[in-house]
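Shown next: coords.cif, given as mmCIF, C-alpha atoms.
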data_data
#
loop_
_atom_site.label_atom_id
_atom_site.label_comp_id
_atom_site.auth_asym_id
_atom_site.auth_seq_id
_atom_site.Cartn_x
_atom_site.Cartn_y
_atom_site.Cartn_z
CA MET F 1 -9.39 10.91 6.50
CA TYR F 2 -7.49 14.16 6.90
CA GLU F 3 -5.61 12.83 9.91
CA ASP F 4 -4.59 9.66 8.06
CA MET F 5 -3.47 11.66 5.02
CA VAL F 6 -1.35 13.96 7.17
CA THR F 7 0.07 10.95 9.02
CA ALA F 8 1.00 9.19 5.78
CA ARG F 9 2.62 12.26 4.24
CA TYR F 10 4.69 13.12 7.31
CA TYR F 11 5.57 9.46 7.83
CA GLU F 12 7.10 9.24 4.38
CA GLU F 13 8.90 12.56 4.74
CA ARG F 14 10.48 11.26 7.93
CA LEU F 15 11.32 7.91 6.32
CA GLN F 16 13.03 9.80 3.52
CA GLU F 17 15.23 11.60 6.06
CA GLU F 18 16.13 8.38 7.84
CA TYR F 19 16.69 6.48 4.62
CA LEU F 20 19.13 9.00 3.14
CA GLU F 21 21.29 8.97 6.26
CA GLY F 22 24.67 7.50 5.34
CA LYS F 23 23.75 7.08 1.67
CA GLN F 24 25.15 10.38 0.46
CA PRO F 25 27.01 12.06 -1.21
CA ALA F 26 27.65 8.97 -3.36
CA PHE F 27 24.38 7.04 -3.17
CA ASP F 28 24.94 3.69 -1.48
CA ILE F 29 21.76 1.62 -1.36
CA SER F 30 23.16 -0.74 1.28
CA ALA F 31 24.15 1.97 3.77
CA GLY F 32 22.17 3.70 6.48
CA PRO F 33 19.51 2.57 8.96
CA ILE F 34 17.13 1.47 6.18
CA PRO F 35 19.09 -0.60 3.65
CA GLY F 36 17.67 -1.59 0.29
CA GLU F 37 15.08 0.24 -1.79
CA LEU F 38 12.37 2.53 -0.51
CA HIS F 39 9.30 3.48 -2.56
CA LEU F 40 7.26 6.40 -1.25
CA ALA F 41 3.70 7.37 -2.15
CA ALA F 42 3.64 11.07 -1.27
CA GLY F 43 0.82 12.59 -3.30
CA GLN F 44 -1.29 9.42 -3.38
CA GLU F 45 -2.80 9.59 0.11
CA ALA F 46 -6.36 10.45 -0.99
CA ALA F 47 -6.75 7.16 -2.88
CA ALA F 48 -5.95 5.14 0.23
CA VAL F 49 -8.13 6.97 2.74
CA GLY F 50 -11.06 7.43 0.37
CA VAL F 51 -11.30 3.67 -0.06
CA CYS F 52 -10.09 2.25 3.25
CA HIS F 53 -12.33 4.37 5.45
CA HIS F 54 -15.23 2.19 4.33
CA LEU F 55 -13.50 -0.98 5.54
CA GLU F 56 -13.48 -3.06 8.71
CA ASP F 57 -10.66 -5.10 10.23
CA ASP F 58 -12.03 -8.32 8.74
CA ASP F 59 -11.96 -6.86 5.23
CA THR F 60 -8.82 -7.73 3.28
CA VAL F 61 -6.51 -5.20 1.63
CA THR F 62 -3.49 -5.89 -0.56
CA ALA F 63 -1.04 -3.19 -1.57
CA PRO F 64 1.80 -2.91 -4.11
CA HIS F 65 5.42 -1.88 -3.56
CA ARG F 66 4.31 1.64 -2.51
CA PRO F 67 2.22 0.55 0.50
CA HIS F 68 2.60 2.87 3.51
CA HIS F 69 -0.36 5.20 2.87
CA VAL F 70 -2.65 2.21 2.30
CA ALA F 71 -1.40 0.45 5.42
CA ILE F 72 -1.96 3.56 7.54
CA ALA F 73 -5.47 4.06 6.14
CA LYS F 74 -6.28 0.40 6.91
CA GLY F 75 -5.17 0.89 10.53
CA ILE F 76 -1.84 -0.93 10.70
CA ASP F 77 0.24 -0.84 13.88
CA LEU F 78 2.46 2.16 13.11
CA LYS F 79 5.26 1.18 15.48
CA ARG F 80 5.53 -2.41 14.29
CA MET F 81 5.36 -1.34 10.64
CA THR F 82 8.20 1.09 11.25
CA ALA F 83 10.24 -1.56 13.05
CA GLU F 84 9.73 -3.82 10.04
CA ILE F 85 10.99 -1.13 7.68
CA PHE F 86 14.07 -0.69 9.87
CA GLY F 87 14.60 -4.46 9.86
CA ARG F 88 14.10 -4.94 13.60
CA GLU F 89 13.12 -8.03 15.57
CA THR F 90 9.83 -6.49 16.74
CA GLY F 91 8.68 -5.71 13.20
CA LEU F 92 5.53 -7.17 11.71
CA SER F 93 7.57 -9.99 10.16
CA ARG F 94 10.54 -9.81 12.54
CA GLY F 95 12.32 -7.51 10.11
CA LYS F 96 12.42 -10.06 7.28
CA GLY F 97 9.83 -8.54 4.96
CA GLY F 98 10.96 -4.94 4.75
CA HIS F 99 8.87 -2.06 3.51
CA MET F 100 7.49 -3.74 0.36
CA HIS F 101 6.29 -6.92 2.06
CA LEU F 102 4.31 -5.66 5.02
CA PHE F 103 1.97 -8.21 6.55
CA ASP F 104 -0.44 -7.67 9.44
CA PRO F 105 -2.99 -10.46 9.97
CA GLU F 106 -4.64 -8.46 12.76
CA ILE F 107 -6.18 -6.18 10.13
CA ASN F 108 -5.92 -8.50 7.09
CA PHE F 109 -3.33 -6.40 5.29
CA ALA F 110 -0.51 -7.56 3.02
CA GLY F 111 1.88 -5.95 0.55
CA SER F 112 4.06 -7.29 -2.23
CA GLY F 113 6.90 -5.93 -4.32
CA ILE F 114 5.82 -8.00 -7.34
CA ILE F 115 3.75 -6.02 -9.86
CA SER F 116 0.00 -6.77 -9.52
CA GLN F 117 0.78 -9.65 -7.17
CA GLY F 118 -1.82 -8.48 -4.65
CA CYS F 119 -4.70 -9.12 -7.05
CA PRO F 120 -4.90 -12.94 -6.86
CA PRO F 121 -4.83 -13.01 -3.02
CA ALA F 122 -7.57 -10.37 -2.93
CA ALA F 123 -9.67 -12.49 -5.27
CA GLY F 124 -8.99 -15.47 -3.02
CA ALA F 125 -10.10 -13.53 0.06
CA GLY F 126 -13.27 -12.56 -1.79
CA LEU F 127 -13.90 -16.20 -2.69
CA ALA F 128 -13.38 -17.25 0.94
CA ALA F 129 -15.84 -14.62 2.16
CA LYS F 130 -18.43 -15.78 -0.35
CA LYS F 131 -18.06 -19.45 0.57
CA ARG F 132 -18.37 -18.58 4.26
CA ASN F 133 -21.43 -16.46 3.53
CA GLU F 134 -19.76 -13.44 5.16
CA ASP F 135 -20.22 -9.81 4.16
CA SER F 136 -16.50 -8.97 4.25
CA VAL F 137 -14.87 -7.59 1.10
CA ALA F 138 -11.40 -7.48 -0.39
CA VAL F 139 -9.59 -4.54 -2.00
CA ALA F 140 -6.52 -4.78 -4.20
CA PHE F 141 -4.48 -1.63 -4.86
CA LEU F 142 -2.16 -1.47 -7.89
CA GLY F 143 -0.51 1.08 -10.14
CA GLU F 144 -1.57 1.99 -13.67
CA GLY F 145 1.59 0.36 -14.99
CA ALA F 146 0.19 -3.02 -13.89
CA ILE F 147 -3.04 -2.99 -15.88
CA SER F 148 -1.67 -5.29 -18.58
CA GLN F 149 -0.15 -7.80 -16.18
CA GLY F 150 -1.52 -11.31 -16.33
CA ALA F 151 -2.14 -11.54 -12.60
CA PHE F 152 -4.36 -8.45 -12.77
CA LEU F 153 -6.35 -9.52 -15.82
CA GLU F 154 -6.76 -13.10 -14.60
CA SER F 155 -7.96 -11.82 -11.23
CA LEU F 156 -10.52 -9.58 -12.93
CA ASN F 157 -11.76 -12.57 -14.88
CA PHE F 158 -11.85 -14.82 -11.82
CA ALA F 159 -13.70 -12.22 -9.74
CA ALA F 160 -16.22 -11.64 -12.53
CA VAL F 161 -16.86 -15.33 -13.24
CA HIS F 162 -17.41 -16.10 -9.56
CA ASP F 163 -19.17 -12.80 -8.77
CA LEU F 164 -16.77 -12.05 -5.92
CA PRO F 165 -16.85 -9.16 -3.40
CA VAL F 166 -13.63 -7.56 -4.63
CA VAL F 167 -12.75 -3.97 -5.52
CA PHE F 168 -9.65 -3.38 -7.64
CA VAL F 169 -8.21 0.14 -7.20
CA ILE F 170 -5.75 1.49 -9.76
CA GLU F 171 -3.65 4.41 -8.51
CA ASP F 172 -2.78 6.29 -11.69
CA ASN F 173 0.29 8.41 -10.92
CA ASP F 174 1.16 8.79 -14.63
CA TRP F 175 4.48 6.96 -14.37
CA ALA F 176 5.21 3.22 -14.55
CA ILE F 177 8.70 3.45 -13.06
CA SER F 178 10.35 5.58 -15.78
CA MET F 179 7.74 5.06 -18.48
CA PRO F 180 5.00 7.65 -19.04
CA LYS F 181 1.51 6.25 -19.07
CA GLU F 182 1.00 6.58 -22.83
CA ARG F 183 4.02 4.32 -23.48
CA VAL F 184 2.73 1.61 -21.18
CA SER F 185 -0.74 1.17 -22.63
CA ASP F 186 -3.08 2.60 -25.25
CA VAL F 187 -5.81 2.41 -22.59
CA GLN F 188 -5.53 5.82 -20.97
CA ASP F 189 -8.48 5.16 -18.64
CA GLY F 190 -7.64 1.95 -16.80
CA SER F 191 -11.18 1.56 -15.51
CA LYS F 192 -12.22 0.69 -19.08
CA ARG F 193 -10.52 -2.65 -18.61
CA ALA F 194 -13.67 -3.55 -16.66
CA GLY F 195 -15.67 -3.64 -19.89
CA GLY F 196 -13.88 -6.79 -21.00
CA PHE F 197 -15.10 -8.60 -17.90
CA ASP F 198 -18.67 -7.31 -17.68
CA MET F 199 -18.10 -5.52 -14.37
CA PRO F 200 -18.63 -1.87 -13.40
CA GLY F 201 -15.69 0.46 -14.00
CA VAL F 202 -15.32 3.98 -12.64
CA ARG F 203 -12.56 6.59 -12.80
CA VAL F 204 -12.14 9.46 -10.35
CA GLU F 205 -10.42 12.21 -12.34
CA HIS F 206 -8.94 14.13 -9.40
CA ASP F 207 -7.22 13.04 -6.20
CA ASP F 208 -10.03 14.49 -4.13
CA ALA F 209 -10.53 12.46 -0.95
CA VAL F 210 -14.27 13.11 -0.78
CA ALA F 211 -14.87 12.21 -4.44
CA ILE F 212 -12.90 9.00 -3.98
CA TYR F 213 -14.80 8.22 -0.79
CA GLU F 214 -18.12 8.60 -2.59
CA ALA F 215 -17.06 6.41 -5.51
CA ALA F 216 -15.66 3.78 -3.16
CA GLU F 217 -18.84 3.81 -1.09
CA GLU F 218 -20.82 2.56 -4.07
CA ALA F 219 -18.22 -0.01 -5.12
CA ILE F 220 -17.66 -1.45 -1.64
CA GLY F 221 -21.38 -1.38 -0.90
CA ARG F 222 -22.01 -3.36 -4.08
CA ALA F 223 -19.41 -5.93 -3.03
CA ARG F 224 -20.69 -6.18 0.53
CA ASP F 225 -24.22 -6.73 -0.74
CA GLN F 226 -22.91 -9.64 -2.85
CA ASN F 227 -23.41 -7.85 -6.14
CA GLY F 228 -19.95 -8.58 -7.48
CA PRO F 229 -16.64 -6.81 -8.19
CA THR F 230 -15.79 -3.30 -9.34
CA LEU F 231 -12.75 -1.77 -11.00
CA MET F 232 -11.82 1.76 -9.89
CA GLU F 233 -9.09 4.05 -11.16
CA VAL F 234 -8.04 7.15 -9.25
CA GLN F 235 -5.86 9.93 -10.64
CA VAL F 236 -3.07 10.69 -8.16
CA HIS F 237 0.25 12.52 -8.42
CA ARG F 238 3.69 11.13 -7.65
CA ARG F 239 5.63 13.83 -5.81
CA MET F 240 8.86 11.81 -5.56
CA GLY F 241 10.84 9.45 -7.75
CA HIS F 242 10.01 5.81 -8.31
CA PHE F 243 12.40 4.98 -5.48
CA MET F 244 14.62 6.96 -3.17
CA GLY F 245 17.76 7.88 -5.06
CA ASP F 246 15.91 8.04 -8.38
CA PRO F 247 17.34 11.08 -10.24
CA GLN F 248 14.16 11.29 -12.35
CA SER F 249 16.17 12.33 -15.40
CA TYR F 250 13.41 10.78 -17.52
CA ARG F 251 10.78 13.12 -16.08
CA PRO F 252 10.20 16.66 -17.39
CA THR F 253 10.66 19.38 -14.80
CA GLU F 254 7.20 20.81 -15.50
CA ASP F 255 5.63 17.45 -14.66
CA GLN F 256 7.38 17.33 -11.31
CA GLU F 257 6.34 20.92 -10.59
CA ALA F 258 2.72 20.18 -11.52
CA ALA F 259 2.63 17.18 -9.18
CA ALA F 260 4.08 19.25 -6.34
CA ALA F 261 1.51 22.00 -6.92
CA ARG F 262 -1.43 19.60 -6.61
CA ASP F 263 -1.64 18.80 -2.92
CA SER F 264 -4.75 16.83 -2.00
CA ILE F 265 -4.08 17.39 1.71
CA GLU F 266 -4.10 21.17 1.40
CA ARG F 267 -7.23 21.07 -0.75
CA LEU F 268 -9.04 18.87 1.77
CA ALA F 269 -8.05 21.26 4.57
CA GLU F 270 -9.45 24.18 2.57
CA ASP F 271 -12.71 22.29 1.99
CA MET F 272 -13.00 21.45 5.69
CA GLN F 273 -12.49 25.07 6.69
CA ALA F 274 -15.09 26.14 4.13
CA TYR F 275 -17.51 23.83 5.92
CA GLY F 276 -16.75 25.49 9.24
CA ILE F 277 -14.04 23.33 10.75
CA GLU F 278 -11.68 25.56 12.68
CA GLY F 279 -8.04 25.90 11.69
CA GLU F 280 -7.09 25.10 15.28
CA THR F 281 -8.73 21.70 14.93
CA LEU F 282 -6.67 20.95 11.83
CA ASP F 283 -3.53 22.12 13.62
CA GLU F 284 -4.26 19.73 16.48
CA LEU F 285 -4.76 16.84 14.07
CA ARG F 286 -1.47 17.62 12.35
CA THR F 287 0.40 17.93 15.64
CA ASP F 288 -0.99 14.63 16.94
CA ALA F 289 -0.12 12.90 13.66
CA HIS F 290 3.44 14.22 13.68
CA GLU F 291 3.95 13.19 17.29
CA ARG F 292 2.75 9.64 16.62
CA VAL F 293 5.04 9.33 13.62
CA ASP F 294 8.08 10.65 15.47
CA GLU F 295 7.34 8.35 18.39
CA ALA F 296 7.01 5.33 16.10
CA ILE F 297 10.32 6.07 14.36
CA GLU F 298 12.24 6.62 17.58
CA TRP F 299 10.70 3.47 19.07
CA ALA F 300 11.65 1.42 16.00
CA LYS F 301 15.24 2.64 16.03
CA ASP F 302 15.58 1.50 19.64
CA GLN F 303 14.38 -2.04 18.89
CA PRO F 304 16.82 -4.97 18.75
CA GLN F 305 18.33 -6.22 15.53
CA PRO F 306 17.41 -9.82 14.59
CA ASP F 307 19.85 -12.57 15.48
CA PRO F 308 21.62 -13.70 12.30
CA GLU F 309 21.08 -17.31 13.42
CA ASP F 310 17.33 -16.77 12.95
CA ALA F 311 17.70 -16.04 9.24
CA TYR F 312 16.44 -19.47 8.23
CA GLU F 313 13.46 -19.45 10.57
CA ASP F 314 10.10 -18.71 8.96
CA ALA F 315 11.48 -19.52 5.51
CA PHE F 316 9.11 -22.49 5.37
CA VAL F 317 6.03 -23.44 7.34
CA ASN F 318 7.37 -25.11 10.45
CA PRO F 319 5.97 -28.60 11.16
CA PRO F 320 4.09 -29.23 14.40
CA SER F 321 6.25 -29.76 17.45
CA GLY F 322 7.71 -33.28 17.61
CA VAL F 323 7.09 -34.25 14.00
CA THR F 324 10.76 -34.08 13.01
CA ASP F 325 12.01 -35.75 16.20
CA ASP F 326 10.84 -39.24 15.25
CA GLU F 327 11.81 -41.54 12.41
CA PRO F 328 9.23 -41.65 9.62
CA ASP F 329 6.86 -44.62 9.80
CA PHE F 330 7.04 -45.25 6.05
CA GLU F 331 9.63 -46.37 3.52
CA LEU F 332 10.46 -44.52 0.34
CA ALA F 333 9.83 -46.37 -2.89
CA GLY F 334 13.02 -47.95 -4.15
CA GLY F 335 14.37 -49.11 -0.81
CA ASP F 336 17.39 -47.39 0.75
CA ASP F 337 17.74 -44.96 -2.16
#
Can the structure from this file be put into structure tokens for me?
Amino acid sequence: MYEDMVTARYYEERLQEEYLEGKQPAFDISAGPIPGELHLAAGQEAAAVGVCHHLEDDDTVTAPHRPHHVAIAKGIDLKRMTAEIFGRETGLSRGKGGHMHLFDPEINFAGSGIISQGCPPAAGAGLAAKKRNEDSVAVAFLGEGAISQGAFLESLNFAAVHDLPVVFVIEDNDWAISMPKERVSDVQDGSKRAGGFDMPGVRVEHDDAVAIYEAAEEAIGRARDQNGPTLMEVQVHRRMGHFMGDPQSYRPTEDQEAAAARDSIERLAEDMQAYGIEGETLDELRTDAHERVDEAIEWAKDQPQPDPEDAYEDAFVNPPSGVTDDEPDFELAGGDD
């Protein structure tokens, strides 16, 4: 877990450097090697590793628009994810999905930029597992700003009615874009939403990787044993703006300072050393993580750009070979029209 947390943090720090290239001093969202928006999850790593380290490749995970830490914890191909973010041909979706729409069928991982959009597919994956009589589970990550979205509430209802092996994980970073939590909902503990659907709800008050791991162990175990869904909420801390280039003028300085002071990675390292793990071991893990990240970024930057002529490929499901080569063997109603 520590290695994945360090990897995710350094990965996003390096992405921030690459993203800002060419976009300053006057911020130009279209410039630089990573055009478009970029949402980083620095400070939220514990939620991802605490949950995903209970999962197997055939378990399904969906992530929101802040997906990198979850993808890394699930075991995504770091090089191909990076190539996707840089819009390169060798990316997970040939550079067409970008950082918010990561998709890796090898590990059953998908992301979406639409708020709470990952919840219905996770419920569907849970339904598929149940119908196949498999013990795989599905996990949907979302932010606390999404807890009143219809897709989220409908998915809770669907999972409860059908007793599905799904765990919904709310990452509460206190800010729904520029809105503080108390202005988004009167429900300050999102896990209480579970009460309306007769499912277990649990909140982990601190972004402690071990505490999250223990809470997730029970929830995922319940799902894998076919005992139905669980709603979890984890308190995390957003160390950066909603997106790169966000001036955060809406956010009090003391809140930003408090988030920066709470570092779940440093606290986990201190706990590990208290249990006798040598500092040299942690240094080696950090060095290895940094090297893998740097290698992935340099590799991605060397990959070819997509051919503009391929822009329309993959927009729709392609028919089987030969289907469109022959005239249809039927007539439309109404004759020639």
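With all atoms listed in the file as the atoms that count, the residue of F:Ile212, F:Ala8, F:Met232, F:Val166 with the shortest distance to Gly195 of chain F is F:Met232.
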Check which residues satisfy the PyMOL selection byres ((chain F and resi 288-295) around 7) in the file shown, then give them as a PyMOL selection string.
-> chain F and resi 3+6-7+10-11+284-287+296-299
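For the set F:Asn227, F:Ser191, F:Asn133, F:Asn173, the residue with the smallest atom-to-atom gap to Ala160 of chain F is F:Asn227, counting all atoms listed in the file.
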Long-range neighbours of Gly190 of chain F as an MDAnalysis selection string, 9 Å cut-off, only C-alpha atoms, 6 positions minimum in chain = chainID F and resid 144 147 170 172 201:203 231:233
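Minimum distance to Ile34 of chain F across F:Ala110, F:Ala300, F:Val187, F:Ala258 (counting only C-alpha atoms) occurs at F:Ala300.
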